[in-house]
Protein chains: 2
Amino acid sequence: MAPRPLDYESINENVKKTQYAVRGELYLRASELQKEGKKIIFTNVGNPHALGQKPLTFPRQVIALCQAPFLLDDPNVGLLFPADAIARAKHYLSLTSGGLGAYSDSRGLIGIRKEIAEFIERRDGYPSDPELVFLTDGASKGVMQMLNTIIGSNKDGILVPVPQYPLYSAAITLFGGSLVPYFLEEEANWGLDVNNLRQAIAGARSRGITVKAMVIINPGNPTGQCLSRTNIQELLQFCYQENLALFADEVYQQNIYQDERPFISAKKVLFDMGPPISKELQLISFHTVSKGYWGECGQRGGYFEMTNLSPQTVDEIYKVSSISLSMNVSGQIFLGLMVNPPKPGDISYLKFSMESKAVLESLRRRAQIMTDGFNSCRNVVCNFTEGAMYSFPQIRLPPRAIEAAKKAGKVPDVFYCLKLLEATGISTVPGSGFGQKEGVFHLRTTILPAEEDMPAIMASFKKFNDGFMEQYEDYRGYSRM
Amino acid sequence: MAPRPLDYESINENVKKTQYAVRGELYLRASELQKEGKKIIFTNVGNPHALGQKPLTFPRQVIALCQAPFLLDDPNVGLLFPADAIARAKHYLSLTSGGLGAYSDSRGLIGIRKEIAEFIERRDGYPSDPELVFLTDGASKGVMQMLNTIIGSNKDGILVPVPQYPLYSAAITLFGGSLVPYFLEEEANWGLDVNNLRQAIAGARSRGITVKAMVIINPGNPTGQCLSRTNIQELLQFCYQENLALFADEVYQQNIYQDERPFISAKKVLFDMGPPISKELQLISFHTVSKGYWGECGQRGGYFEMTNLSPQTVDEIYKVSSISLSMNVSGQIFLGLMVNPPKPGDISYLKFSMESKAVLESLRRRAQIMTDGFNSCRNVVCNFTEGAMYSFPQIRLPPRAIEAAKKAGKVPDVFYCLKLLEATGISTVPGSGFGQKEGVFHLRTTILPAEEDMPAIMASFKKFNDGFMEQYEDYRGYSRM
Ligand SMILES: Cc1ncc(COP(=O)(O)O)c(C=O)c1O
Ligand SMILES: Cc1ncc(COP(=O)(O)O)c(C=O)c1O
């Protein structure tokens, strides 16, 4: 019998080739174990609320009122909601036509896009045009849409850092483009060396690939580094010389855990450089409500800003956005709240700033506890998490562990992470899911488990790791397998 | 200078080829006029809340509580929320891990998927497996994902009704597939004739195209017809013989305005037919919270159910869903509420059923007013809107109007609709945006303007139309242009 159209043999080859490790084998095994009753610590994905982070009160009050606008006419509303939340809900409802139940313009509500543009202006000190800010159901969807716009065939290449957040590799494969990897330098705290970029682009060109864009993730996922101004300047210059668009994934811009390298946006550095580059280089910058001290992942609120795109291209992007009508409207309002949190003097200011500071300060401490914890383990070295939400320790696997993995038919770091999961319930993602140099192994955890649980988790990790190392470094240990 | 990667010349050709008329030239012109201060009646898209439909109270109460879970601990909560909304919010929060701020599983929350499967079982009388129900940010995203799964190259064809909702044509072009049109029979109240299907598939095959799937929209958009059981049986048989998957877009299943042909799902008819077809035909069924008496378009809650897909294919679809992490969680809860509205005996039952009945009964009356209104106009004939939310009158344009359109560089129905917009503020979509037979012209309006505004809108339409016809049917009129 001929295969049916949705049988595995028949479907889109690009779908089959696509890989997405964050929810891959490890995650599936963890879900199974959870069903069987094992306690799992999900550190595979940056999902703060799933690990106990509480939502900030003020934005949730505003959204609740927007969802239930009839409450605004209820004489008792003031018993449950502060006046500034009520005022803000009225404001956001006035930006919609039909409230949260109506499709918005496919680019998002213009009122919210204006608030975002004003935020970008305040942040960077340069003008931002709301017509060039498009809202999306999470940054992921924006990244996918822009990759789909720029990739026309498998001869179109995208420079992607290695290690990288696999959204990029997955979407490039899905849309039939070519991923052109460039390595980050683990020894230089995961910095970016322009020589690696030049090599990568030369290699790709020799294979007939037109490299069209470069991706940076700053602060980095999974690597946690913050790029310096000089580094960003160099890579902008490189993109300009090589005629590449730059995709700047800046979703972790509020997650910074050191003071030497504060976040600077690629757009600010570009505009600081002045013409001609500032007027020509095509830049797409991504942001989201999923990260920062918000962690509102489930709300799916993201945006991208386009710099130096022609109106004709912007129209094409708008047209493609229209096909799915509009992004979710409450997520749009979360974006408005993110760029306009309560100000000093507002009724809710004190509470809001206490809540948000508590989240960020705790993340900073957790970043330190994790890095220190990993560095205290046998055969583990780990750069400090300067930003974002992840630790990415290198695990130096003994040759015998690598052999044992081979026997088990597993990639070595997958083998290690599965054993870790079974022994401790800690669900991580193997470094191979993000890309790493040949023969070098990592894992990624988030720094998100509750601060009070951290010491126990790190102790449990250390116990497993040091036992694993002992087992595979020592012959008797190995034979006991 | 070489074009830059995001200049119009450089971007993905499929993006450029894609057309999406619902938010095309007419919509853009209407938006301009609105900015200039003209009152616009947006009937271009099925967006009930934008035209004044109020949200149903109970579901919004539940969602508000889910967004602001701290209210559940507030001693005053009972002053603003009924006890059954409070209980329901607790129930839905118990299905999440981390509330509305956490990414869910990429297929959606399993608790909601179970509620949907139970709804399908009650509706159809056949089992439904929650593992085969995936949640999406609106049905549009699900349709796009499934088209992307099945289309591997431009040799892969998808049978699409003409006229059709342009989500299909747009997504097929975007993903590089081939649209294979089949005509609906306007004279037979937009019924589906299997002979047309056979011709269409034969023609496509002679051009080297492998037809992989067929799309039906039932009830129809833009055509408003409800398919009979016999018709659905015939087309299932056809798909089975020709080895096609069936995509059944059933988003209007609760929008039915006649009693002769109630909605029957494609899945029910398939299972009624029994083996072998019921065990082999691959069917994907789509539904949403955007339509029905909900009209919660801005919430972006959709799902699709897969029938007769192998676990391997389902895994591939799951993997692709994972790339964008999860759909918005509040939209998922809306889906739960849609399939489990308040029941007789619940505190909120009476209010809920009054509100929902009022919406549906008014839609039914509006369908009638519109059809009658169009049929009273010169050179206009219109089938009755049996279901969905649209009127799709045929406009018999006089030859001189067609000439005038040509001179103005416009497709004739675009020309007519633009004049209608300028004269009356009524924003419609020209039939050419949905496809129609050569030389035959239509427009689509929604039946959504408020019932009390309907007579005035139809009078204003009639005045414009009859004047237009007079102008172009009579020589002096024409020369006055
Ligand atoms: C680097 C990076 N970009 C984008 C995203 C997507 O975020 P969202 O789609 O939730 O906005 C993530 C999520 O973890 C991320 O780590
Ligand atoms: C036939 C049809 N399918 C799908 C959709 C998409 O609905 P949504 O994405 O809002 O669920 C629409 C919207 O108008 C439609 O008319």
# chains A, B, ... in the order shown; residues from 1 in each chain; ligands from 1

$ select_by_dssp --residues "region 20-102 of chain B" --states "helix (DSSP H, G or I)" --output "compact mmCIF listing (two decimals) with all heavy atoms, in the first residue's frame"
# COMPACT_ATOMS: atom_id res chain seq x y z
N ALA B 21 -6.08 38.78 1.14
CA ALA B 21 -6.98 39.89 0.81
C ALA B 21 -7.77 40.43 1.99
O ALA B 21 -8.19 41.58 1.97
CB ALA B 21 -7.94 39.45 -0.29
N VAL B 22 -8.00 39.60 3.02
CA VAL B 22 -8.87 40.05 4.12
C VAL B 22 -8.29 41.32 4.76
O VAL B 22 -9.01 42.17 5.27
CB VAL B 22 -9.03 38.93 5.17
CG1 VAL B 22 -9.79 39.41 6.38
CG2 VAL B 22 -9.76 37.75 4.54
N ARG B 23 -6.99 41.42 4.73
CA ARG B 23 -6.35 42.64 5.22
C ARG B 23 -5.52 43.26 4.10
O ARG B 23 -4.43 43.76 4.32
CB ARG B 23 -5.52 42.34 6.45
CG ARG B 23 -6.38 41.76 7.57
CD ARG B 23 -5.89 42.15 8.92
NE ARG B 23 -6.90 41.88 9.92
CZ ARG B 23 -6.70 42.04 11.22
NH1 ARG B 23 -5.55 42.46 11.66
NH2 ARG B 23 -7.66 41.81 12.09
N GLU B 25 -5.73 45.54 0.11
CA GLU B 25 -5.89 46.93 -0.35
C GLU B 25 -7.10 47.61 0.28
O GLU B 25 -7.03 48.75 0.72
CB GLU B 25 -6.01 46.95 -1.88
CG GLU B 25 -6.24 48.34 -2.44
CD GLU B 25 -6.24 48.37 -3.98
OE1 GLU B 25 -6.03 47.31 -4.60
OE2 GLU B 25 -6.46 49.47 -4.53
N LEU B 26 -8.23 46.89 0.33
CA LEU B 26 -9.45 47.50 0.86
C LEU B 26 -9.29 47.86 2.33
O LEU B 26 -9.67 48.94 2.77
CB LEU B 26 -10.63 46.53 0.69
CG LEU B 26 -11.57 46.79 -0.48
CD1 LEU B 26 -12.43 48.03 -0.24
CD2 LEU B 26 -10.86 46.90 -1.80
N TYR B 27 -8.70 46.94 3.07
CA TYR B 27 -8.52 47.17 4.51
C TYR B 27 -7.57 48.34 4.75
O TYR B 27 -7.80 49.20 5.60
CB TYR B 27 -7.98 45.90 5.17
CG TYR B 27 -7.56 46.10 6.61
CD1 TYR B 27 -8.50 46.28 7.61
CD2 TYR B 27 -6.21 46.11 6.96
CE1 TYR B 27 -8.11 46.47 8.93
CE2 TYR B 27 -5.82 46.30 8.28
CZ TYR B 27 -6.77 46.47 9.25
OH TYR B 27 -6.38 46.67 10.55
N LEU B 28 -6.51 48.39 3.95
CA LEU B 28 -5.53 49.46 4.13
C LEU B 28 -6.17 50.82 3.83
O LEU B 28 -6.01 51.79 4.57
CB LEU B 28 -4.30 49.22 3.24
CG LEU B 28 -3.52 47.95 3.60
CD1 LEU B 28 -2.37 47.72 2.61
CD2 LEU B 28 -2.97 47.99 5.02
N ARG B 29 -6.97 50.86 2.73
CA ARG B 29 -7.66 52.11 2.39
C ARG B 29 -8.65 52.50 3.49
O ARG B 29 -8.76 53.67 3.86
CB ARG B 29 -8.38 51.95 1.04
CG ARG B 29 -9.12 53.18 0.57
CD ARG B 29 -8.17 54.27 0.08
NE ARG B 29 -8.89 55.52 -0.17
CZ ARG B 29 -8.58 56.69 0.40
NH1 ARG B 29 -7.54 56.79 1.21
NH2 ARG B 29 -9.29 57.76 0.13
N ALA B 30 -9.36 51.51 4.02
CA ALA B 30 -10.32 51.80 5.09
C ALA B 30 -9.59 52.35 6.32
O ALA B 30 -10.06 53.31 6.95
CB ALA B 30 -11.09 50.52 5.46
N SER B 31 -8.43 51.80 6.62
CA SER B 31 -7.67 52.29 7.77
C SER B 31 -7.25 53.74 7.55
O SER B 31 -7.29 54.56 8.47
CB SER B 31 -6.44 51.42 8.01
OG SER B 31 -6.81 50.08 8.20
N GLU B 32 -6.83 54.04 6.33
CA GLU B 32 -6.46 55.43 6.00
C GLU B 32 -7.65 56.37 6.21
O GLU B 32 -7.53 57.41 6.84
CB GLU B 32 -6.08 55.54 4.52
CG GLU B 32 -4.61 55.35 4.22
CD GLU B 32 -4.39 55.33 2.70
OE1 GLU B 32 -5.12 56.05 1.94
OE2 GLU B 32 -3.52 54.56 2.28
N LEU B 33 -8.79 55.97 5.63
CA LEU B 33 -9.98 56.83 5.74
C LEU B 33 -10.35 57.03 7.21
O LEU B 33 -10.74 58.12 7.62
CB LEU B 33 -11.17 56.19 4.99
CG LEU B 33 -11.07 56.24 3.46
CD1 LEU B 33 -12.17 55.39 2.83
CD2 LEU B 33 -11.16 57.68 2.94
N GLN B 34 -10.20 55.97 7.99
CA GLN B 34 -10.52 56.09 9.41
C GLN B 34 -9.61 57.12 10.09
O GLN B 34 -10.07 57.95 10.86
CB GLN B 34 -10.36 54.73 10.09
CG GLN B 34 -10.92 54.70 11.51
CD GLN B 34 -10.71 53.36 12.18
OE1 GLN B 34 -9.68 52.71 11.99
NE2 GLN B 34 -11.68 52.94 12.95
N LYS B 35 -8.32 57.05 9.75
CA LYS B 35 -7.38 58.04 10.30
C LYS B 35 -7.79 59.46 9.93
O LYS B 35 -7.61 60.39 10.70
CB LYS B 35 -5.97 57.78 9.75
CG LYS B 35 -5.12 56.92 10.66
CD LYS B 35 -3.64 57.01 10.27
CE LYS B 35 -2.88 55.83 10.83
NZ LYS B 35 -1.65 55.55 10.09
N PRO B 48 -16.25 39.78 15.96
CA PRO B 48 -17.50 40.27 16.57
C PRO B 48 -17.32 41.34 17.64
O PRO B 48 -18.07 42.32 17.66
CB PRO B 48 -18.11 39.00 17.17
CG PRO B 48 -17.50 37.86 16.44
CD PRO B 48 -16.14 38.32 16.03
N HIS B 49 -16.32 41.18 18.51
CA HIS B 49 -16.18 42.15 19.60
C HIS B 49 -15.81 43.53 19.06
O HIS B 49 -16.16 44.55 19.67
CB HIS B 49 -15.14 41.69 20.62
CG HIS B 49 -15.56 40.48 21.41
ND1 HIS B 49 -15.19 40.27 22.71
CD2 HIS B 49 -16.33 39.42 21.09
CE1 HIS B 49 -15.70 39.12 23.15
NE2 HIS B 49 -16.39 38.59 22.17
N ALA B 50 -15.11 43.56 17.94
CA ALA B 50 -14.74 44.86 17.36
C ALA B 50 -15.99 45.60 16.89
O ALA B 50 -15.97 46.82 16.75
CB ALA B 50 -13.78 44.66 16.20
N LEU B 51 -17.08 44.86 16.65
CA LEU B 51 -18.31 45.50 16.21
C LEU B 51 -19.33 45.54 17.34
O LEU B 51 -20.53 45.64 17.09
CB LEU B 51 -18.87 44.80 14.97
CG LEU B 51 -18.00 45.02 13.73
CD1 LEU B 51 -18.46 44.15 12.57
CD2 LEU B 51 -18.00 46.49 13.29
N THR B 57 -20.00 36.83 30.29
CA THR B 57 -19.49 37.20 31.61
C THR B 57 -18.71 36.07 32.29
O THR B 57 -17.58 36.28 32.77
CB THR B 57 -20.66 37.63 32.52
OG1 THR B 57 -21.39 38.65 31.83
CG2 THR B 57 -20.16 38.18 33.84
N PHE B 58 -19.31 34.89 32.34
CA PHE B 58 -18.70 33.81 33.14
C PHE B 58 -17.26 33.48 32.73
O PHE B 58 -16.35 33.47 33.58
CB PHE B 58 -19.59 32.56 33.10
CG PHE B 58 -19.03 31.39 33.84
CD1 PHE B 58 -19.10 31.33 35.23
CD2 PHE B 58 -18.42 30.35 33.18
CE1 PHE B 58 -18.58 30.25 35.93
CE2 PHE B 58 -17.90 29.26 33.86
CZ PHE B 58 -17.97 29.22 35.25
N PRO B 59 -17.01 33.22 31.45
CA PRO B 59 -15.63 32.88 31.10
C PRO B 59 -14.65 34.00 31.42
O PRO B 59 -13.52 33.73 31.87
CB PRO B 59 -15.68 32.61 29.60
CG PRO B 59 -17.04 33.00 29.14
CD PRO B 59 -17.93 33.07 30.33
N ARG B 60 -15.07 35.23 31.26
CA ARG B 60 -14.16 36.34 31.57
C ARG B 60 -13.89 36.43 33.08
O ARG B 60 -12.80 36.80 33.50
CB ARG B 60 -14.74 37.65 31.04
CG ARG B 60 -14.75 37.76 29.53
CD ARG B 60 -13.34 37.74 28.95
NE ARG B 60 -13.35 38.15 27.55
CZ ARG B 60 -13.06 39.39 27.13
NH1 ARG B 60 -12.75 40.33 28.01
NH2 ARG B 60 -13.08 39.66 25.85
N GLN B 61 -14.89 36.10 33.88
CA GLN B 61 -14.66 36.08 35.33
C GLN B 61 -13.61 35.02 35.68
O GLN B 61 -12.69 35.27 36.47
CB GLN B 61 -15.97 35.76 36.07
CG GLN B 61 -16.96 36.92 36.05
CD GLN B 61 -18.35 36.52 36.53
OE1 GLN B 61 -18.79 35.38 36.32
NE2 GLN B 61 -19.05 37.47 37.15
N VAL B 62 -13.75 33.86 35.06
CA VAL B 62 -12.81 32.78 35.35
C VAL B 62 -11.39 33.18 34.95
O VAL B 62 -10.43 32.99 35.71
CB VAL B 62 -13.25 31.48 34.64
CG1 VAL B 62 -12.20 30.38 34.84
CG2 VAL B 62 -14.61 31.02 35.14
N ILE B 63 -11.27 33.73 33.75
CA ILE B 63 -9.93 34.10 33.27
C ILE B 63 -9.34 35.20 34.13
O ILE B 63 -8.14 35.18 34.45
CB ILE B 63 -10.01 34.58 31.80
CG1 ILE B 63 -10.45 33.45 30.89
CG2 ILE B 63 -8.67 35.16 31.35
CD1 ILE B 63 -9.40 32.39 30.68
N ALA B 64 -10.16 36.18 34.53
CA ALA B 64 -9.64 37.25 35.38
C ALA B 64 -9.07 36.67 36.67
O ALA B 64 -7.98 37.06 37.11
CB ALA B 64 -10.74 38.27 35.68
N LEU B 65 -9.77 35.73 37.25
CA LEU B 65 -9.28 35.10 38.48
C LEU B 65 -8.00 34.29 38.23
O LEU B 65 -7.09 34.28 39.06
CB LEU B 65 -10.36 34.22 39.10
CG LEU B 65 -11.53 34.98 39.74
CD1 LEU B 65 -12.69 34.04 40.02
CD2 LEU B 65 -11.08 35.67 41.03
N CYS B 66 -7.94 33.63 37.10
CA CYS B 66 -6.73 32.86 36.79
C CYS B 66 -5.54 33.81 36.61
O CYS B 66 -4.41 33.48 36.97
CB CYS B 66 -6.91 32.03 35.52
SG CYS B 66 -8.04 30.65 35.71
N GLN B 67 -5.80 34.98 36.02
CA GLN B 67 -4.71 35.94 35.84
C GLN B 67 -4.28 36.54 37.18
O GLN B 67 -3.13 36.91 37.35
CB GLN B 67 -5.13 37.07 34.88
CG GLN B 67 -5.14 36.67 33.40
CD GLN B 67 -3.73 36.57 32.80
OE1 GLN B 67 -2.72 36.59 33.49
NE2 GLN B 67 -3.69 36.45 31.47
N PRO B 69 -4.45 35.24 40.59
CA PRO B 69 -4.80 34.16 41.52
C PRO B 69 -4.79 34.62 42.98
O PRO B 69 -5.45 34.00 43.82
CB PRO B 69 -3.73 33.10 41.26
CG PRO B 69 -2.62 33.80 40.57
CD PRO B 69 -3.23 34.95 39.82
N PHE B 70 -4.07 35.72 43.27
CA PHE B 70 -4.05 36.23 44.66
C PHE B 70 -5.43 36.69 45.08
O PHE B 70 -5.73 36.75 46.27
CB PHE B 70 -3.01 37.36 44.79
CG PHE B 70 -2.98 38.29 43.62
CD1 PHE B 70 -3.90 39.32 43.50
CD2 PHE B 70 -2.03 38.12 42.59
CE1 PHE B 70 -3.88 40.18 42.41
CE2 PHE B 70 -2.00 38.97 41.49
CZ PHE B 70 -2.93 40.00 41.40
N LEU B 71 -6.32 37.00 44.13
CA LEU B 71 -7.68 37.38 44.50
C LEU B 71 -8.40 36.23 45.20
O LEU B 71 -9.32 36.45 46.00
CB LEU B 71 -8.49 37.81 43.27
CG LEU B 71 -8.03 39.07 42.54
CD1 LEU B 71 -8.94 39.33 41.34
CD2 LEU B 71 -8.04 40.28 43.48
N LEU B 72 -8.02 35.00 44.85
CA LEU B 72 -8.70 33.85 45.43
C LEU B 72 -8.53 33.81 46.95
O LEU B 72 -9.34 33.21 47.65
CB LEU B 72 -8.18 32.56 44.79
CG LEU B 72 -8.49 32.43 43.29
CD1 LEU B 72 -7.72 31.27 42.67
CD2 LEU B 72 -9.99 32.24 43.06
N ASP B 73 -7.48 34.44 47.46
CA ASP B 73 -7.26 34.49 48.91
C ASP B 73 -7.84 35.75 49.54
O ASP B 73 -7.68 35.97 50.73
CB ASP B 73 -5.75 34.47 49.22
CG ASP B 73 -5.08 33.26 48.62
OD1 ASP B 73 -5.73 32.19 48.59
OD2 ASP B 73 -3.93 33.37 48.16
N VAL B 77 -13.38 38.51 47.65
CA VAL B 77 -13.52 38.02 46.27
C VAL B 77 -14.97 37.72 45.91
O VAL B 77 -15.41 37.96 44.78
CB VAL B 77 -12.59 36.80 46.01
CG1 VAL B 77 -13.01 35.60 46.84
CG2 VAL B 77 -12.54 36.46 44.53
N GLY B 78 -15.74 37.23 46.90
CA GLY B 78 -17.13 36.87 46.66
C GLY B 78 -18.02 38.07 46.33
O GLY B 78 -19.13 37.89 45.82
N LEU B 79 -17.54 39.26 46.61
CA LEU B 79 -18.34 40.44 46.26
C LEU B 79 -18.31 40.71 44.76
O LEU B 79 -19.21 41.32 44.22
CB LEU B 79 -17.80 41.68 47.01
CG LEU B 79 -17.92 41.63 48.53
CD1 LEU B 79 -17.26 42.85 49.16
CD2 LEU B 79 -19.40 41.57 48.93
N LEU B 80 -17.26 40.29 44.10
CA LEU B 80 -17.14 40.57 42.67
C LEU B 80 -17.30 39.34 41.79
O LEU B 80 -17.53 39.48 40.59
CB LEU B 80 -15.80 41.24 42.34
CG LEU B 80 -15.77 42.76 42.50
CD1 LEU B 80 -15.36 43.12 43.90
CD2 LEU B 80 -14.89 43.43 41.49
N ALA B 83 -19.51 32.14 43.01
CA ALA B 83 -18.78 30.98 43.54
C ALA B 83 -18.38 29.99 42.45
O ALA B 83 -17.32 29.36 42.53
CB ALA B 83 -19.63 30.27 44.60
N ASP B 84 -19.22 29.84 41.41
CA ASP B 84 -18.84 28.84 40.40
C ASP B 84 -17.67 29.33 39.54
O ASP B 84 -16.85 28.52 39.07
CB ASP B 84 -20.02 28.36 39.56
CG ASP B 84 -20.80 29.46 38.88
OD1 ASP B 84 -20.56 30.67 39.17
OD2 ASP B 84 -21.70 29.13 38.07
N ALA B 85 -17.55 30.66 39.37
CA ALA B 85 -16.38 31.18 38.65
C ALA B 85 -15.12 30.96 39.49
O ALA B 85 -14.06 30.60 38.97
CB ALA B 85 -16.56 32.65 38.32
N ILE B 86 -15.26 31.16 40.78
CA ILE B 86 -14.12 30.95 41.68
C ILE B 86 -13.68 29.49 41.65
O ILE B 86 -12.49 29.18 41.51
CB ILE B 86 -14.49 31.39 43.12
CG1 ILE B 86 -14.73 32.91 43.15
CG2 ILE B 86 -13.41 30.98 44.12
CD1 ILE B 86 -15.29 33.45 44.45
N ALA B 87 -14.66 28.61 41.72
CA ALA B 87 -14.33 27.17 41.71
C ALA B 87 -13.67 26.78 40.38
O ALA B 87 -12.69 26.02 40.35
CB ALA B 87 -15.59 26.34 41.93
N ARG B 88 -14.21 27.34 39.30
CA ARG B 88 -13.66 26.99 37.99
C ARG B 88 -12.23 27.51 37.83
O ARG B 88 -11.37 26.84 37.25
CB ARG B 88 -14.55 27.54 36.89
CG ARG B 88 -14.30 26.90 35.55
CD ARG B 88 -14.69 25.42 35.54
NE ARG B 88 -16.07 25.28 35.15
CZ ARG B 88 -16.48 25.27 33.88
NH1 ARG B 88 -15.61 25.33 32.90
NH2 ARG B 88 -17.76 25.17 33.59
N ALA B 89 -11.98 28.72 38.33
CA ALA B 89 -10.62 29.27 38.24
C ALA B 89 -9.65 28.37 39.00
O ALA B 89 -8.55 28.05 38.52
CB ALA B 89 -10.59 30.69 38.79
N LYS B 90 -10.07 27.92 40.18
CA LYS B 90 -9.20 27.02 40.96
C LYS B 90 -8.94 25.73 40.18
O LYS B 90 -7.82 25.21 40.16
CB LYS B 90 -9.83 26.69 42.31
CG LYS B 90 -9.76 27.87 43.28
CD LYS B 90 -10.34 27.51 44.65
CE LYS B 90 -10.31 28.73 45.56
NZ LYS B 90 -11.21 28.59 46.72
N HIS B 91 -10.00 25.25 39.57
CA HIS B 91 -9.85 24.03 38.77
C HIS B 91 -8.80 24.23 37.67
O HIS B 91 -7.87 23.43 37.52
CB HIS B 91 -11.21 23.64 38.17
CG HIS B 91 -11.11 22.67 37.04
ND1 HIS B 91 -10.72 21.36 37.22
CD2 HIS B 91 -11.32 22.82 35.70
CE1 HIS B 91 -10.70 20.74 36.06
NE2 HIS B 91 -11.07 21.60 35.11
N TYR B 92 -8.95 25.31 36.89
CA TYR B 92 -8.01 25.48 35.77
C TYR B 92 -6.59 25.75 36.26
O TYR B 92 -5.62 25.25 35.68
CB TYR B 92 -8.49 26.57 34.80
CG TYR B 92 -9.64 26.07 33.95
CD1 TYR B 92 -10.85 26.73 33.90
CD2 TYR B 92 -9.50 24.89 33.21
CE1 TYR B 92 -11.91 26.24 33.14
CE2 TYR B 92 -10.55 24.39 32.45
CZ TYR B 92 -11.75 25.06 32.41
OH TYR B 92 -12.78 24.57 31.66
N LEU B 93 -6.47 26.51 37.35
CA LEU B 93 -5.12 26.74 37.88
C LEU B 93 -4.48 25.43 38.32
O LEU B 93 -3.27 25.24 38.17
CB LEU B 93 -5.15 27.75 39.04
CG LEU B 93 -5.38 29.20 38.60
CD1 LEU B 93 -5.60 30.10 39.80
CD2 LEU B 93 -4.20 29.72 37.76
N SER B 94 -5.31 24.51 38.79
CA SER B 94 -4.75 23.22 39.23
C SER B 94 -4.25 22.40 38.04
O SER B 94 -3.48 21.45 38.22
CB SER B 94 -5.80 22.42 40.01
OG SER B 94 -6.70 21.78 39.11
N LEU B 95 -4.67 22.75 36.84
CA LEU B 95 -4.20 22.02 35.65
C LEU B 95 -2.85 22.54 35.15
O LEU B 95 -2.22 21.92 34.29
CB LEU B 95 -5.22 22.13 34.50
CG LEU B 95 -6.64 21.63 34.77
CD1 LEU B 95 -7.50 21.79 33.52
CD2 LEU B 95 -6.61 20.16 35.20
N GLY B 99 0.68 28.39 36.88
CA GLY B 99 -0.32 29.37 36.49
C GLY B 99 -0.17 29.84 35.06
O GLY B 99 0.48 29.17 34.23
N LEU B 100 -0.74 30.99 34.76
CA LEU B 100 -0.78 31.49 33.38
C LEU B 100 0.55 32.05 32.92
O LEU B 100 0.73 32.35 31.75
CB LEU B 100 -1.88 32.56 33.24
CG LEU B 100 -3.27 32.01 32.91
CD1 LEU B 100 -3.72 30.94 33.86
CD2 LEU B 100 -4.29 33.11 32.83
N GLY B 101 1.49 32.21 33.85
CA GLY B 101 2.79 32.77 33.49
C GLY B 101 3.82 31.73 33.09
O GLY B 101 4.93 32.08 32.73

$ residues_near_ligand --ligand "ligand 1" --cutoff "9 Å" --atoms "only C-alpha atoms and all ligand atoms" --output "ChimeraX atom specification"
/A:45-47,136-143,164-168,216-222,249-252,286-291,295-303,388-389 /B:103,323-326

$ residues_around --residues "Leu360 (chain B)" --least-positions-apart "2" --cutoff "8 Å" --atoms "only C-alpha atoms" --output "MDAnalysis selection string"
chainID B and resid 255 292:293 356:358 362:364

$ closest_residue --among "B:Thr149, B:Ser128, B:Gln332, B:Ser376" --to "ligand 2" --atoms "only C-alpha atoms and all ligand atoms"
B:Gln332

$ atom_distance --atom1 "CA of Leu246 (chain B)" --atom2 "CA of Gly24 (chain B)"
28.3 Å

$ closest_residue --among "B:Ala202, B:Ile333, B:Cys417, B:Ile457" --to "chain A" --atoms "only C-alpha atoms"
B:Ile333
